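Engineer: Below: one structure in structure tokens.
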Amino acid sequence: MQVLSRVLSYAVDPLGKIAGNPCEGIKQLYSSDRSEIIWTDSDITALKRECSAEIGHAVDLAAHTGLRLSDLLRLSWSHVGEDAIVFATGKSRGRREAIIPLYGDLRKLLKRIPKRATTILTNSRGRPWTADGFGSSFNTAKHAAGIADKDLHFHDLRGTAATKFYTAGLSIRVIAEILAWSEDQVERIIRRYVGRTAATKEAIRLLNSAPKERT
């Protein structure tokens with residue numbers, strides 16, 4: 001499946017022989033649950049010390065949106081609205097829209113990324129990334145940063161996004177909807193990676209915002 005998908009991706013871009021990769025969205029017989037594995041801030045810092053600015057933008061955008069790599073590489077500036085990024089995901093074959101609120105840190109990140117093409121992410125030549133080109137550059141950066149032996153995949157930045165969503169004030173339910181995960185999965189990540197102080201502040205915020213009963 002992986003080899004076939006790579007061949008078909010190449011037929012899409014750069015050959016332009018087919019409109020899309022039919023392997024996207026096909027369920028595999030075996031899958032592992034990596035939802036509780038995330039990139040920590042120290043992992044991201046180590047990578048960004050060695051990687052290009054373009055790889056750094058991709059890592060930051062993944063950690064702030066929770067979008068899969070295939071969707072990130074297709075994400076366009078036209079998907080960025082006044083209050084949210086609205087994007088039809090590839091895995092759902094366009095049937096599901098990801099709606100990501102433009103919270104403060106995400107707005108700041110988008111302002112830092114130069115607009116050099118219709119897509120938000122570009123390579124060093126200012127052109128949209130191909131999947132193979134990005135994968136090769138990303139793996140090179142991991143080796144240069146000395147974290148190639150760590151069990152971290154680009155996909156694991158989705159868990160990092162869950163923690164950023166939570167500390168930005170989004171509820172567990174909303175985070176689960178954005179990532180298409182169960183609320184239990186999100187709660188496990190929050191318990192494991194978000195500091196107790198942040199979790200306590202969120203609980204207080206929810207209690208304070210709850211409707212008051214009249215006496």
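By convention in this document, the chains of the structure tokens carry letters A, B, ... by their order, each chain's residues are numbered from 1, and ligands are numbered from 1 in the order they are shown.
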Listing only residues of range 103-188 of chain A within 12 Å of range 59-75 of chain A, what is the closest atom pair and its distance in Å (to one decimal) for each, using only C-alpha atoms, sorted by chain and residue number ascending, as JSON lines?
Structural biologist:
{"residue": "A:Tyr103", "atom": "CA", "partner": "A:His64", "partner_atom": "CA", "distance": 9.3}
{"residue": "A:Gly104", "atom": "CA", "partner": "A:His64", "partner_atom": "CA", "distance": 10.4}
{"residue": "A:Asp105", "atom": "CA", "partner": "A:His64", "partner_atom": "CA", "distance": 7.7}
{"residue": "A:Leu106", "atom": "CA", "partner": "A:His64", "partner_atom": "CA", "distance": 6.0}
{"residue": "A:Arg107", "atom": "CA", "partner": "A:His64", "partner_atom": "CA", "distance": 9.8}
{"residue": "A:Lys108", "atom": "CA", "partner": "A:His64", "partner_atom": "CA", "distance": 10.6}
{"residue": "A:Leu109", "atom": "CA", "partner": "A:Leu61", "partner_atom": "CA", "distance": 7.4}
{"residue": "A:Leu110", "atom": "CA", "partner": "A:Leu61", "partner_atom": "CA", "distance": 8.1}
{"residue": "A:Lys111", "atom": "CA", "partner": "A:Leu61", "partner_atom": "CA", "distance": 11.6}
{"residue": "A:Arg112", "atom": "CA", "partner": "A:Asp60", "partner_atom": "CA", "distance": 10.6}
{"residue": "A:Ile113", "atom": "CA", "partner": "A:Leu61", "partner_atom": "CA", "distance": 9.6}
{"residue": "A:Ala117", "atom": "CA", "partner": "A:Leu75", "partner_atom": "CA", "distance": 10.9}
{"residue": "A:Thr118", "atom": "CA", "partner": "A:Leu75", "partner_atom": "CA", "distance": 8.6}
{"residue": "A:Thr119", "atom": "CA", "partner": "A:Leu75", "partner_atom": "CA", "distance": 5.7}
{"residue": "A:Ile120", "atom": "CA", "partner": "A:Leu75", "partner_atom": "CA", "distance": 6.1}
{"residue": "A:Leu121", "atom": "CA", "partner": "A:Leu73", "partner_atom": "CA", "distance": 6.3}
{"residue": "A:Thr122", "atom": "CA", "partner": "A:Leu73", "partner_atom": "CA", "distance": 8.2}
{"residue": "A:Asn123", "atom": "CA", "partner": "A:Leu73", "partner_atom": "CA", "distance": 10.3}
{"residue": "A:Arg127", "atom": "CA", "partner": "A:Leu73", "partner_atom": "CA", "distance": 10.9}
{"residue": "A:Pro128", "atom": "CA", "partner": "A:Leu73", "partner_atom": "CA", "distance": 7.2}
{"residue": "A:Trp129", "atom": "CA", "partner": "A:Leu73", "partner_atom": "CA", "distance": 6.3}
{"residue": "A:Thr130", "atom": "CA", "partner": "A:Leu73", "partner_atom": "CA", "distance": 7.6}
{"residue": "A:Ala131", "atom": "CA", "partner": "A:Ser70", "partner_atom": "CA", "distance": 7.3}
{"residue": "A:Asp132", "atom": "CA", "partner": "A:Ser70", "partner_atom": "CA", "distance": 10.9}
{"residue": "A:Gly133", "atom": "CA", "partner": "A:Leu73", "partner_atom": "CA", "distance": 11.0}
{"residue": "A:Phe134", "atom": "CA", "partner": "A:Leu73", "partner_atom": "CA", "distance": 8.9}
{"residue": "A:Gly135", "atom": "CA", "partner": "A:Leu69", "partner_atom": "CA", "distance": 9.6}
{"residue": "A:Phe138", "atom": "CA", "partner": "A:Val59", "partner_atom": "CA", "distance": 9.3}
{"residue": "A:Ala141", "atom": "CA", "partner": "A:Val59", "partner_atom": "CA", "distance": 11.3}
{"residue": "A:Lys142", "atom": "CA", "partner": "A:Val59", "partner_atom": "CA", "distance": 11.7}
{"residue": "A:His153", "atom": "CA", "partner": "A:Leu69", "partner_atom": "CA", "distance": 10.6}
{"residue": "A:Phe154", "atom": "CA", "partner": "A:Leu69", "partner_atom": "CA", "distance": 7.5}
{"residue": "A:His155", "atom": "CA", "partner": "A:Arg68", "partner_atom": "CA", "distance": 6.4}
{"residue": "A:Asp156", "atom": "CA", "partner": "A:Ala63", "partner_atom": "CA", "distance": 8.9}
{"residue": "A:Leu157", "atom": "CA", "partner": "A:Ala63", "partner_atom": "CA", "distance": 5.1}
{"residue": "A:Arg158", "atom": "CA", "partner": "A:Gly66", "partner_atom": "CA", "distance": 4.2}
{"residue": "A:Gly159", "atom": "CA", "partner": "A:Gly66", "partner_atom": "CA", "distance": 7.3}
{"residue": "A:Thr160", "atom": "CA", "partner": "A:Ala63", "partner_atom": "CA", "distance": 5.4}
{"residue": "A:Ala161", "atom": "CA", "partner": "A:Ala63", "partner_atom": "CA", "distance": 4.5}
{"residue": "A:Ala162", "atom": "CA", "partner": "A:Gly66", "partner_atom": "CA", "distance": 7.1}
{"residue": "A:Thr163", "atom": "CA", "partner": "A:Ala63", "partner_atom": "CA", "distance": 9.0}
{"residue": "A:Lys164", "atom": "CA", "partner": "A:His64", "partner_atom": "CA", "distance": 6.6}
{"residue": "A:Phe165", "atom": "CA", "partner": "A:His64", "partner_atom": "CA", "distance": 7.6}
{"residue": "A:Tyr166", "atom": "CA", "partner": "A:His64", "partner_atom": "CA", "distance": 11.1}
{"residue": "A:Thr167", "atom": "CA", "partner": "A:His64", "partner_atom": "CA", "distance": 11.4}
{"residue": "A:Ala168", "atom": "CA", "partner": "A:His64", "partner_atom": "CA", "distance": 10.3}
{"residue": "A:Ile175", "atom": "CA", "partner": "A:Gly66", "partner_atom": "CA", "distance": 9.4}
{"residue": "A:Ala176", "atom": "CA", "partner": "A:Gly66", "partner_atom": "CA", "distance": 10.7}
{"residue": "A:Glu177", "atom": "CA", "partner": "A:Gly66", "partner_atom": "CA", "distance": 11.1}
{"residue": "A:Ile178", "atom": "CA", "partner": "A:Gly66", "partner_atom": "CA", "distance": 7.8}
{"residue": "A:Leu179", "atom": "CA", "partner": "A:Gly66", "partner_atom": "CA", "distance": 6.4}
{"residue": "A:Ala180", "atom": "CA", "partner": "A:Gly66", "partner_atom": "CA", "distance": 10.0}
{"residue": "A:Trp181", "atom": "CA", "partner": "A:Gly66", "partner_atom": "CA", "distance": 11.1}
Engineer: For Pro101 in chain A, work out the shell of residues within 8 Å, counting only C-alpha atoms and skipping chain neighbours fewer than 5 positions away, then give it as a ChimeraX atom specification.
Structural biologist: /A:83-85
Engineer: Residues as selected, C-alpha atoms, written as a PDB file, in the first residue's frame, can you do that?
Structural biologist:
ATOM      1  CA  ASP A  83     -12.332  33.427  12.405  1.00  0.00           C
ATOM      2  CA  ALA A  84     -11.306  29.913  11.367  1.00  0.00           C
ATOM      3  CA  ILE A  85      -9.507  27.674   8.902  1.00  0.00           C
TER       4      ILE A  85
END
Engineer: Mind checking DSSP for chain A and telling me the alpha helix (DSSP H) residues as number ranges by chain?
Structural biologist: A: 2-12, 41-50, 53-65, 69-74, 104-112, 131-144, 157-167, 172-179, 183-193, 196-209
Engineer: With C-alpha atoms kept, could you save the residues just selected as a CSV table (one decimal), in the first residue's frame?
Structural biologist:
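Writing done, so here's out-v4.csv:
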chain,number,residue,atom,x,y,z
A,2,GLN,CA,2.8,2.5,0.9
A,3,VAL,CA,4.7,1.8,-2.3
A,4,LEU,CA,1.6,2.0,-4.4
A,5,SER,CA,0.6,5.2,-2.7
A,6,ARG,CA,4.0,6.8,-3.4
A,7,VAL,CA,3.7,5.9,-7.1
A,8,LEU,CA,0.2,7.3,-7.4
A,9,SER,CA,1.3,10.5,-5.5
A,10,TYR,CA,4.0,10.9,-8.1
A,11,ALA,CA,1.5,10.5,-10.9
A,12,VAL,CA,-0.6,13.3,-9.3
A,41,ASP,CA,8.4,21.7,22.9
A,42,SER,CA,11.9,20.5,23.5
A,43,ASP,CA,11.6,18.0,20.6
A,44,ILE,CA,10.4,20.8,18.3
A,45,THR,CA,13.1,23.2,19.4
A,46,ALA,CA,15.8,20.6,18.7
A,47,LEU,CA,14.4,20.0,15.2
A,48,LYS,CA,14.0,23.7,14.4
A,49,ARG,CA,17.7,24.3,15.3
A,50,GLU,CA,18.7,22.2,12.3
A,53,ALA,CA,12.6,27.6,7.8
A,54,GLU,CA,10.2,25.9,5.4
A,55,ILE,CA,10.2,22.6,7.4
A,56,GLY,CA,9.9,24.7,10.6
A,57,HIS,CA,6.7,26.3,9.2
A,58,ALA,CA,5.2,22.9,8.5
A,59,VAL,CA,6.0,21.6,11.9
A,60,ASP,CA,4.6,24.6,13.6
A,61,LEU,CA,1.5,24.6,11.5
A,62,ALA,CA,0.9,20.9,12.2
A,63,ALA,CA,1.4,21.5,15.9
A,64,HIS,CA,-1.1,24.4,15.9
A,65,THR,CA,-3.8,22.9,13.6
A,69,LEU,CA,0.5,16.0,6.5
A,70,SER,CA,-1.4,15.3,3.2
A,71,ASP,CA,-3.9,18.0,4.2
A,72,LEU,CA,-1.3,20.5,5.3
A,73,LEU,CA,0.5,20.3,2.0
A,74,ARG,CA,-2.8,21.1,0.2
A,104,GLY,CA,-4.0,33.8,19.1
A,105,ASP,CA,-1.0,31.6,18.6
A,106,LEU,CA,-2.3,30.3,15.3
A,107,ARG,CA,-2.9,33.8,14.0
A,108,LYS,CA,0.7,34.8,15.0
A,109,LEU,CA,2.1,31.8,13.2
A,110,LEU,CA,0.2,32.5,10.0
A,111,LYS,CA,1.5,36.0,10.0
A,112,ARG,CA,5.1,34.7,10.2
A,131,ALA,CA,4.8,14.5,-0.4
A,132,ASP,CA,8.1,12.8,-1.3
A,133,GLY,CA,10.1,16.0,-1.3
A,134,PHE,CA,8.8,17.0,2.1
A,135,GLY,CA,9.3,13.5,3.6
A,136,SER,CA,12.9,13.4,2.5
A,137,SER,CA,13.7,16.9,3.9
A,138,PHE,CA,11.9,16.2,7.1
A,139,ASN,CA,13.8,13.0,7.7
A,140,THR,CA,17.1,14.7,6.9
A,141,ALA,CA,16.3,17.3,9.5
A,142,LYS,CA,15.5,14.7,12.1
A,143,HIS,CA,18.8,13.1,11.6
A,144,ALA,CA,20.6,16.4,11.8
A,157,LEU,CA,2.2,16.5,15.9
A,158,ARG,CA,-1.6,16.0,16.0
A,159,GLY,CA,-1.3,15.1,19.7
A,160,THR,CA,0.8,18.2,20.2
A,161,ALA,CA,-2.0,20.3,18.7
A,162,ALA,CA,-4.5,18.8,21.1
A,163,THR,CA,-2.4,20.2,24.0
A,164,LYS,CA,-2.2,23.6,22.4
A,165,PHE,CA,-5.9,23.6,21.7
A,166,TYR,CA,-6.6,22.8,25.4
A,167,THR,CA,-4.3,25.5,26.8
A,172,ILE,CA,-12.4,18.5,25.2
A,173,ARG,CA,-15.4,18.0,23.0
A,174,VAL,CA,-14.4,20.6,20.5
A,175,ILE,CA,-10.8,19.3,20.3
A,176,ALA,CA,-12.2,15.8,19.7
A,177,GLU,CA,-14.3,17.1,16.8
A,178,ILE,CA,-11.4,18.9,15.2
A,179,LEU,CA,-9.1,15.9,15.4
A,183,GLU,CA,-13.1,12.5,23.9
A,184,ASP,CA,-11.4,9.8,25.9
A,185,GLN,CA,-8.3,10.0,23.6
A,186,VAL,CA,-8.1,13.7,24.1
A,187,GLU,CA,-8.5,13.5,27.8
A,188,ARG,CA,-5.7,11.0,28.1
A,189,ILE,CA,-3.3,13.3,26.2
A,190,ILE,CA,-4.3,16.2,28.4
A,191,ARG,CA,-3.8,14.3,31.6
A,192,ARG,CA,-0.4,13.0,30.4
A,193,TYR,CA,1.1,16.1,28.9
A,196,ARG,CA,-1.8,20.2,36.5
A,197,THR,CA,-1.9,24.0,36.8
A,198,ALA,CA,-3.2,24.5,33.3
A,199,ALA,CA,-5.8,21.8,33.8
A,200,THR,CA,-6.9,23.4,37.1
A,201,LYS,CA,-7.2,26.8,35.5
A,202,GLU,CA,-9.4,25.3,32.7
A,203,ALA,CA,-11.6,23.7,35.3
A,204,ILE,CA,-12.0,27.0,37.1
A,205,ARG,CA,-12.8,28.8,33.8
A,206,LEU,CA,-15.5,26.2,33.0
A,207,LEU,CA,-17.0,26.5,36.5
A,208,ASN,CA,-17.0,30.3,36.3
A,209,SER,CA,-18.7,30.3,32.9
Engineer: Going by DSSP on the backbone, which residues of range 91-209 of chain A come out as strand (DSSP E or B)? List them as a VMD selection string.
Structural biologist: chain A and resid 97 to 101 119 122 128
Engineer: What does the distance from CA of Val80 in chain A to CA of Leu102 in chain A come to in Å, to one decimal?
Structural biologist: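 Pair CA of Val80 in chain A / CA of Leu102 in chain A returns 8.6 Å.
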Engineer: Have a look at A:Met1, A:Val194, A:Val86, A:Ala148 and name the one nearest to Ile38 in chain A; count only C-alpha atoms.
Structural biologist: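 Nearest candidate to Ile38 in chain A out of A:Met1, A:Val194, A:Val86, A:Ala148: A:Val194.
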Engineer: CA of Gly20 in chain A and CA of Ser76 in chain A are how many Å apart?
Structural biologist: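 Value for the CA of Gly20 in chain A-CA of Ser76 in chain A distance: 16.8 Å.
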